[in-house]
Each structure stands twice: as structure tokens, then as C-alpha cells.
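The structure appears below as C-alpha cells.
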Amino acid sequence: MEVGQVIGSTTLRSFRFVIREGMEKHVKRDEFVTVPESVTGKTIIGAVKDIVVSNELLPDEFSRDLRMSQIIFEDGEYPVPIVKILGIEGPEGLELPRHGIKPGTQVSLAQDEDLKRLLHQDPEKSALIGHLSTRNSVPVYMSINEMVSRHMAILAMTGAGKSYTAGVLIEELMKKGGSIVMFDPHTEYVKMRLENSQVKVYGLGDGTEIQVAASSLSTSDYASLIPDLTSTQRDLLDEVIGIVDKFYDKYDMNTLLEILSLLYDLKKNGKKVDEEAMVFPPNYLKAMTKKVGLATIGALMRRIKRIERMNVFGMDGTPLEEIASPNRLTVINLSEFDERVSEIVVSVVCRKIFNSRKRHVQDGNGLANPLLVMIEEAHNFAPSSSEGEPAISRAILRKIAREGRKFGVGVCLISQRPNKLDADVLSQCNTQIIMKIVNPADQEHIRQSVEDVTEDIVNDLPSLSRGEALIVGSAIRLPVPTKIRQRETEVGGQDIDIVGAWMKK
Ligand SMILES: Nc1ncnc2c1ncn2[C@@H]1O[C@H](COP(=O)(O)OP(=O)(O)O)[C@@H](O)[C@H]1O
Ligand SMILES: [Mg+2]
């Protein structure tokens, strides 16, 4: 459908045109148009990025002393759409044109078929995420292999539709028998039910709490759990952990407490300890008594007791095979944990997943299935360096972001504060679903960290509506404004109708 004619000077990146009479309603922001390239006649595709409306009877200089309401100027008015050139369709996707566009050339609306072809992905291996914002008739697909193996991020301000979109992705990936572990700090996903896949939820207060084996904690993990751990206490803890690692198959906080208590007795009154009953040679303890004071031992015991009471760290952790399994969505509810425990849970589970998949690739043991880890409030788990003390989970998330591809472990970071997200991790996310963002600091951080995000894209972010996203990166063939499709499953964490609730009472 012909909608206008090119006017003014054109470049290889953009052109302007005047709209043919009656075609105004078709020409809108983000709509796709085509023009022939000069010399080759190949079809150049572009997107309307702006529309300048001028009136020849009303030049800019006039406006100072005009009383607008009394004047009708429609006749001299002409809108001029400004088109950003996306390229010419080639075997490798879109290529920028090499020849110019002649002024006067006819401009057509791109056909649905052309756009579908441009956005085409193998349906067996892609996720139907929505349709073009400007056309319901053109579906938008994302490559699942790319999303999972090269990581992704869903970024937007609160209420823009991140969790809703994450739910759509989960639905799509689970249709392919996916394996997903979702860390859910706000119980938004615990109600998800999927038709043909299992949903396993941890942590709803019904005895299904996630358990972390004490033996999977490093001294740094303890230090993160115990913010007031002094360096002498830490040294002591190091020694005790050295003993249990060496002489015990598995252990829990009580084991640590027993050893510390023996040490305390020995130090206090040189009391004879029952050496026969000890699992490890008594001289280990004797050497330690020389180095630490009673106060340190007592203080460390109190701190370990604090961890014990959290009911998360036991002899056995939840088996990884139960957490991560094919055709299963696992939701780990973090809402009952404080920040530090949440960080430990995320890092221990992610470390196990990563190491297990690494083993699998190296020698065939370990988790047999690739999987995707999804993290809400990702800025808390992989905070940028400027956010003070780094979260303990950042290291493993960086590792997965850098090396996960080799081992079939992907991450999907979801965050409403992209500015607070670690730039290292963010820059490794090769696909971005970006929704409405108005905060300039967040916009700037995304622009600097993500290669595919250009100035143009950033400028469009504030004007996106709820449920609308710009998708860029390796999982999509063309960065396009997309309306995210309707959810098939129940949506958690809905906005509460406050006035409605008040009026009922
Ligand atoms: N694509 C969409 N279609 C319909 N409703 C949506 C869509 N995206 C978001 N919503 C609604 O908007 C509200 C906020 O979405 P949500 O995903 O919770 O935002 P966020 O996680 O970014 O804070 C919810 O009530 C949700 O149901
Ligand atoms: Mg949300």
C-alpha cells in the first residue's frame, strides 16, 4: 500500500516523506515502511520514528502573538514522518543499504508477510512472546537457545509488566519441556500451574522449605550470614570447618557447636575431654586452645546458634535433582528469608547447578539437562560495585554469565533498578526485554552496559505502555517494539484495587 513520497535530502540512515491523502491513519510511530534503493531497486525497510507536523501558514516565528483558538489552519498543514532505515533483507538478516534513496520515490507500508519473514524463527525452537506493537497480525518470536545459552534480562520500572512477561516466557519455555529455577522474593510465581509440566514450590511454610547443607557453605558464606563476625572469630571458624571437612562425612550447625563447646571446656579448665569419643585427633583442639580466647569461642558459638535457628542450614541440603529436573518449573520462595539468607540460598543453589552441569559436560555425571535460572530483584543478588559491600551471590552470577553458555546454564535477570545491577553481569546478557523506564540513571546504565541498546532505543523507553517492550539482542532478529501476549496461566502479585477494597468494608 502506497502511503507517500520521499521529500528533502535522504541519507543511508534516514529519510523523510509526505503522506498521501487519506493515508494518515496508517502512518504512525514505530510503523514499518519500505522504499526501493536507487541503482539496485532492492527493498529498503525502515521504521517511522517521529512525525513532524508543520503548517505553511503558521511558521515557527508566528507563534508568539497568535490566538490559536480563533484560527483554523488545517489546510496548510502537512505531517512529515521521519524514517529510520533498518536495512535491506539479506541472507544474514538486515544489511544497511549501500546506495541512496531518491527524493520523490514512493513509500509503501511494509507488508505483514515481509515483517513475518524478517522476524521468522524456527517455531520448534522459539517462544511466542507477543506481537508487534503496531500490528496484531505480526507475531514476535524469540529464539529459546539464544535466550538461555546467552542469558537475558527483563528490565523496567515497577508496574511496567516484568513479572507478567517473565510468566509468559515461563509458559513458552515449559511448552518445550524446559527446566527452570525461579528465585521468587515476592511469592509472585508460587501459584503458577502448567498444563503439561510439573511445578515444584519450595518455602510455603508447609514443610517444603529449601534446605542448604552446612557443608556447602564456605567461610565467606558464614561471614555474609554473620555480619558482625570479627576476624579472630573468622579464623577460628576456618579451623573448625577445616576439621569437619577433613573428618566428617556431613555435618550441621550442631556439629560445629559441639566442637566449639569441646574447645571451650578444654580452654576453660583444661578439663579432660572424652578423647575416645572424638571423631578427630584431640591434638587438633589442643593446638587451637593456644590461639584463641574464651570470649572468642563463646561469641562464635552464639553466632552459629543464630544460623542454626534459621532452619535453612542442615545436615543435608535439598537434593539438586529435586530442584532441577526436566519439564519442571521450580519456584523457590524467598519471601520468608532476610536478605542475607536469600543471597546464600541463591548462591548455594546456583553454585550447585553450575558445578553439576560443568561435571556433566566434562564427564557425563551431574545434571543431565540444561536449565535456566530466573532471578527477580536481580539487583539485590548481583549489585553493581558502587552499591557498597557486594552480595555473596554476585560471584556465582558473574561466573554463570561468563561461562554458563559452555555448560548449558542460563540466567534471566529481572530488575526494576537496572542502575544498581552489576555491569559485568548485565553486559553478558545478550538478549534484553526492556519495558517502560523513565529514570535517566537507569536508562544511561543500560545504554552503557548493553551493546545493542542505542540512543534511539533509550529515547523510546519512557513512552512505552504497560505490557509493551523493546526487545533487543541475539534472541530476536530485529529489535522491535512488542506488545507482550496475554498470559495463559494465573497471574500472581496483581495490583490491589485499594479503593474497591475500602468501599466494600
Ligand atoms: N502484557 C500484559 N497484558 C496484560 N496485563 C499486563 C501485562 N503486563 C502487565 N500487566 C499487568 O500490569 C500489572 C503490573 O505488572 P507486573 O508484571 O506485576 O509489573 P512489574 O513486575 O514490572 O512490577 C499487573 O497487574 C499485570 O497483570
Ligand atoms: Mg514484578
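Order determines the names: the first chain of the C-alpha cells is A, the second B, and so forth; residues in each chain are numbered 1 upward, and ligands are numbered 1 upward as they are shown.
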
Produce a table with one row for each residue of chain A that has an atom at most 9 Å from any atom of ligand 1, each row naming the nearest atom pair and its distance in Å at one decimal; use only C-alpha atoms and all ligand atoms; arrange rows by chain and rising residue number; format as a Markdown table.
| residue | atom | partner | partner_atom_place_in_ligand_line | distance |
| --- | --- | --- | --- | --- |
| A:Gly130 | CA | ligand 1 | 1 (N) | 8.3 |
| A:Ile154 | CA | ligand 1 | 22 (O) | 8.8 |
| A:Leu155 | CA | ligand 1 | 22 (O) | 8.0 |
| A:Ala156 | CA | ligand 1 | 22 (O) | 6.0 |
| A:Met157 | CA | ligand 1 | 22 (O) | 6.0 |
| A:Thr158 | CA | ligand 1 | 23 (O) | 3.8 |
| A:Gly159 | CA | ligand 1 | 23 (O) | 3.5 |
| A:Ala160 | CA | ligand 1 | 22 (O) | 4.1 |
| A:Gly161 | CA | ligand 1 | 17 (O) | 3.3 |
| A:Lys162 | CA | ligand 1 | 22 (O) | 3.6 |
| A:Ser163 | CA | ligand 1 | 17 (O) | 3.7 |
| A:Tyr164 | CA | ligand 1 | 17 (O) | 3.7 |
| A:Thr165 | CA | ligand 1 | 17 (O) | 6.3 |
| A:Ala166 | CA | ligand 1 | 17 (O) | 7.8 |
| A:Gly167 | CA | ligand 1 | 17 (O) | 8.3 |
| A:Val168 | CA | ligand 1 | 1 (N) | 8.6 |
| A:Glu188 | CA | ligand 1 | 18 (O) | 8.3 |
| A:Glu376 | CA | ligand 1 | 21 (O) | 8.7 |
| A:Ile414 | CA | ligand 1 | 21 (O) | 8.4 |
| A:Ser415 | CA | ligand 1 | 22 (O) | 8.2 |
| A:Gln416 | CA | ligand 1 | 22 (O) | 6.9 |
| A:Met435 | CA | ligand 1 | 22 (O) | 8.1 |
| A:Lys436 | CA | ligand 1 | 22 (O) | 8.7 |
| A:Arg466 | CA | ligand 1 | 8 (N) | 5.6 |
| A:Gly467 | CA | ligand 1 | 1 (N) | 3.5 |
| A:Glu468 | CA | ligand 1 | 1 (N) | 6.6 |
| A:Ala469 | CA | ligand 1 | 1 (N) | 8.9 |
| A:Lys483 | CA | ligand 1 | 1 (N) | 6.5 |
| A:Ile484 | CA | ligand 1 | 1 (N) | 4.4 |
| A:Arg485 | CA | ligand 1 | 1 (N) | 5.5 |
| A:Gln486 | CA | ligand 1 | 3 (N) | 5.3 |
| A:Arg487 | CA | ligand 1 | 3 (N) | 7.2 |
| A:Val491 | CA | ligand 1 | 27 (O) | 6.3 |
| A:Gly492 | CA | ligand 1 | 18 (O) | 7.7 |
| A:Gly493 | CA | ligand 1 | 18 (O) | 6.0 |
| A:Gln494 | CA | ligand 1 | 25 (O) | 4.3 |
| A:Asp495 | CA | ligand 1 | 25 (O) | 4.8 |
| A:Ile496 | CA | ligand 1 | 25 (O) | 8.2 |

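The protein and nucleic acid residues lying at most 8 Å from Arg340 (chain A) are Ser224, Leu225 and Ile344 of chain A, with only C-alpha atoms considered and sequence neighbours fewer than 4 positions away removed.
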
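For the choices A:Pro185, A:Phe337, A:Ser347, A:Pro227, the atom-to-atom distance to ligand 2 is smallest for A:Pro185 when using only C-alpha atoms and all ligand atoms.
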
**Study point:** Nearby residues (only C-alpha atoms) at most 7 Å from Val331 (chain A), same-chain spacing under 4 positions excluded, as a list of chain:residue names
**Key:**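 In the requested form, the answer reads A:Val181, A:Met182, A:Phe183, A:Asp184, A:Tyr189, A:Val190, A:Lys200, A:Val201, A:Tyr202.
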
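If only C-alpha atoms and all ligand atoms are the atoms counted, then among A:Met503, A:Val35, A:Ala378, A:Val453 the closest residue to ligand 2 is A:Ala378.
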
Review point. So which residues touch Val140 (chain A) within 10 Å, counting only C-alpha atoms, skipping near sequence neighbours fewer than 2 positions away, as number ranges by chain?
Key: A: 115-116, 119-121, 126-133, 136-138, 142, 471, 476-478, 480-485

Exercise for review: Could you jot down the CA of Leu94 (chain A) to CA of Ser463 (chain A) separation for me, Å, one decimal place?
Suggested key: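 Value for the CA of Leu94 (chain A)-CA of Ser463 (chain A) distance: 25.9 Å.
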
Point to revise | Nearest residue to Val240 (chain A) from the set A:Asp60, A:Phe32, A:Ile297, A:Ala423 (distances using only C-alpha atoms) | key: A:Ile297

Exercise for review: Among the residues of region 210-454 of chain A, find those DSSP assigns to helix (DSSP H, G or I) from the backbone and print them as a PyMOL selection string.
Suggested key: chain A and resi 214-216+219-225+231-247+253-269+275-277+283-291+294-309+320-323+339-363+378-381+385-387+394-407+418-420+423-428+440-449

Take the residues that were just selected and, keeping C-alpha atoms, output them as a short mmCIF file (atom, residue, chain, number, x, y, z; two decimals), in the first residue's frame.
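again_37.cif written:
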data_model
loop_
_atom_site.label_atom_id
_atom_site.label_comp_id
_atom_site.auth_asym_id
_atom_site.auth_seq_id
_atom_site.Cartn_x
_atom_site.Cartn_y
_atom_site.Cartn_z
CA ALA A 214 26.02 -26.79 56.09
CA SER A 215 28.86 -28.44 54.21
CA SER A 216 28.13 -26.35 51.13
CA THR A 219 33.78 -19.28 55.39
CA SER A 220 32.79 -16.29 53.24
CA ASP A 221 29.22 -17.56 53.26
CA TYR A 222 29.30 -17.64 57.04
CA ALA A 223 30.82 -14.18 57.08
CA SER A 224 27.97 -12.97 54.91
CA LEU A 225 25.37 -14.61 57.17
CA SER A 231 38.43 -11.58 62.09
CA THR A 232 39.52 -13.66 65.10
CA GLN A 233 36.14 -15.41 65.10
CA ARG A 234 36.52 -15.98 61.41
CA ASP A 235 39.94 -17.54 61.85
CA LEU A 236 38.54 -19.85 64.49
CA LEU A 237 35.61 -20.78 62.26
CA ASP A 238 38.05 -21.52 59.48
CA GLU A 239 39.88 -24.01 61.69
CA VAL A 240 36.68 -25.69 62.84
CA ILE A 241 35.47 -26.00 59.26
CA GLY A 242 38.88 -27.42 58.38
CA ILE A 243 38.31 -30.16 60.95
CA VAL A 244 34.78 -31.06 59.88
CA ASP A 245 35.72 -31.04 56.22
CA LYS A 246 38.51 -33.46 56.96
CA PHE A 247 36.92 -35.81 59.46
CA MET A 253 25.43 -26.37 62.91
CA ASN A 254 25.20 -28.65 65.94
CA THR A 255 28.37 -30.41 64.88
CA LEU A 256 30.15 -27.07 64.78
CA LEU A 257 28.69 -26.14 68.14
CA GLU A 258 29.81 -29.44 69.69
CA ILE A 259 33.37 -28.91 68.55
CA LEU A 260 33.35 -25.34 69.80
CA SER A 261 31.94 -26.48 73.11
CA LEU A 262 34.71 -29.07 73.50
CA LEU A 263 37.21 -26.41 72.71
CA TYR A 264 35.62 -24.11 75.29
CA ASP A 265 35.82 -26.74 78.03
CA LEU A 266 39.35 -27.61 77.21
CA LYS A 267 40.40 -23.99 77.26
CA LYS A 268 38.44 -23.05 80.36
CA ASN A 269 39.69 -25.57 82.86
CA GLU A 275 39.13 -38.40 73.72
CA GLU A 276 37.81 -41.83 72.87
CA ALA A 277 34.50 -40.42 71.65
CA ASN A 283 45.67 -32.55 69.36
CA TYR A 284 43.80 -30.50 66.74
CA LEU A 285 41.86 -28.91 69.56
CA LYS A 286 44.83 -28.57 71.82
CA ALA A 287 46.66 -26.58 69.19
CA MET A 288 43.63 -24.33 68.82
CA THR A 289 43.29 -23.57 72.53
CA LYS A 290 46.67 -21.88 72.40
CA LYS A 291 45.48 -19.40 69.79
CA LEU A 294 37.31 -17.96 75.69
CA ALA A 295 35.40 -14.84 74.70
CA THR A 296 36.01 -15.54 71.02
CA ILE A 297 34.82 -19.13 71.33
CA GLY A 298 31.70 -18.05 73.21
CA ALA A 299 30.92 -15.30 70.74
CA LEU A 300 31.31 -17.60 67.75
CA MET A 301 29.04 -20.16 69.40
CA ARG A 302 26.32 -17.55 69.85
CA ARG A 303 26.59 -16.58 66.21
CA ILE A 304 26.45 -20.16 64.97
CA LYS A 305 23.36 -20.68 67.12
CA ARG A 306 21.77 -17.76 65.32
CA ILE A 307 22.34 -19.51 61.99
CA GLU A 308 21.04 -22.78 63.41
CA ARG A 309 17.75 -21.11 64.33
CA LEU A 320 19.79 -30.85 43.34
CA GLU A 321 17.97 -33.47 41.26
CA GLU A 322 14.80 -32.44 43.06
CA ILE A 323 15.34 -28.74 42.43
CA GLU A 339 18.33 -10.51 52.57
CA ARG A 340 21.45 -12.34 53.69
CA VAL A 341 19.83 -15.75 53.85
CA SER A 342 18.25 -15.14 50.43
CA GLU A 343 21.65 -14.33 48.99
CA ILE A 344 23.13 -17.51 50.44
CA VAL A 345 20.27 -19.63 49.12
CA VAL A 346 20.67 -18.12 45.65
CA SER A 347 24.42 -18.57 45.66
CA VAL A 348 24.47 -22.10 47.03
CA VAL A 349 21.78 -23.33 44.63
CA CYS A 350 23.41 -21.58 41.66
CA ARG A 351 26.85 -22.91 42.56
CA LYS A 352 25.50 -26.43 42.76
CA ILE A 353 23.74 -26.08 39.43
CA PHE A 354 26.79 -24.64 37.74
CA ASN A 355 29.20 -27.22 39.15
CA SER A 356 26.87 -30.08 38.39
CA ARG A 357 26.38 -29.02 34.77
CA LYS A 358 30.10 -28.48 34.42
CA ARG A 359 30.68 -32.04 35.65
CA HIS A 360 28.08 -33.28 33.23
CA VAL A 361 29.80 -31.68 30.27
CA GLN A 362 33.19 -32.89 31.43
CA ASP A 363 32.50 -36.48 32.43
CA ALA A 378 18.30 -9.28 40.45
CA HIS A 379 19.96 -6.01 41.54
CA ASN A 380 19.96 -7.40 45.09
CA PHE A 381 21.75 -10.56 44.06
CA SER A 385 30.20 -2.34 42.67
CA SER A 386 29.09 1.14 43.68
CA GLU A 387 26.44 -0.39 45.93
CA ARG A 394 27.33 -11.89 42.80
CA ALA A 395 30.41 -14.02 42.20
CA ILE A 396 28.50 -17.09 41.03
CA LEU A 397 26.12 -14.98 38.93
CA ARG A 398 29.11 -13.40 37.23
CA LYS A 399 30.54 -16.84 36.63
CA ILE A 400 27.32 -18.17 35.14
CA ALA A 401 27.01 -15.05 32.99
CA ARG A 402 30.55 -15.53 31.69
CA GLU A 403 30.82 -19.29 31.41
CA GLY A 404 27.30 -20.68 31.68
CA ARG A 405 26.96 -21.00 27.94
CA LYS A 406 29.55 -23.78 27.77
CA PHE A 407 27.65 -25.80 30.34
CA PRO A 418 18.96 -1.63 36.26
CA ASN A 419 21.23 1.12 37.51
CA LYS A 420 22.02 -0.96 40.58
CA ALA A 423 27.52 -4.02 34.73
CA ASP A 424 29.58 -7.18 34.19
CA VAL A 425 26.59 -9.44 34.54
CA LEU A 426 24.29 -7.14 32.60
CA SER A 427 26.67 -6.86 29.67
CA GLN A 428 26.77 -10.65 29.39
CA PRO A 440 17.60 8.67 33.39
CA ALA A 441 20.22 6.90 35.54
CA ASP A 442 18.66 3.53 34.72
CA GLN A 443 18.48 4.42 31.03
CA GLU A 444 22.09 5.50 30.95
CA HIS A 445 23.31 2.40 32.73
CA ILE A 446 21.54 0.18 30.21
CA ARG A 447 22.90 2.18 27.30
CA GLN A 448 26.45 1.84 28.59
CA SER A 449 26.27 -1.82 29.58
#
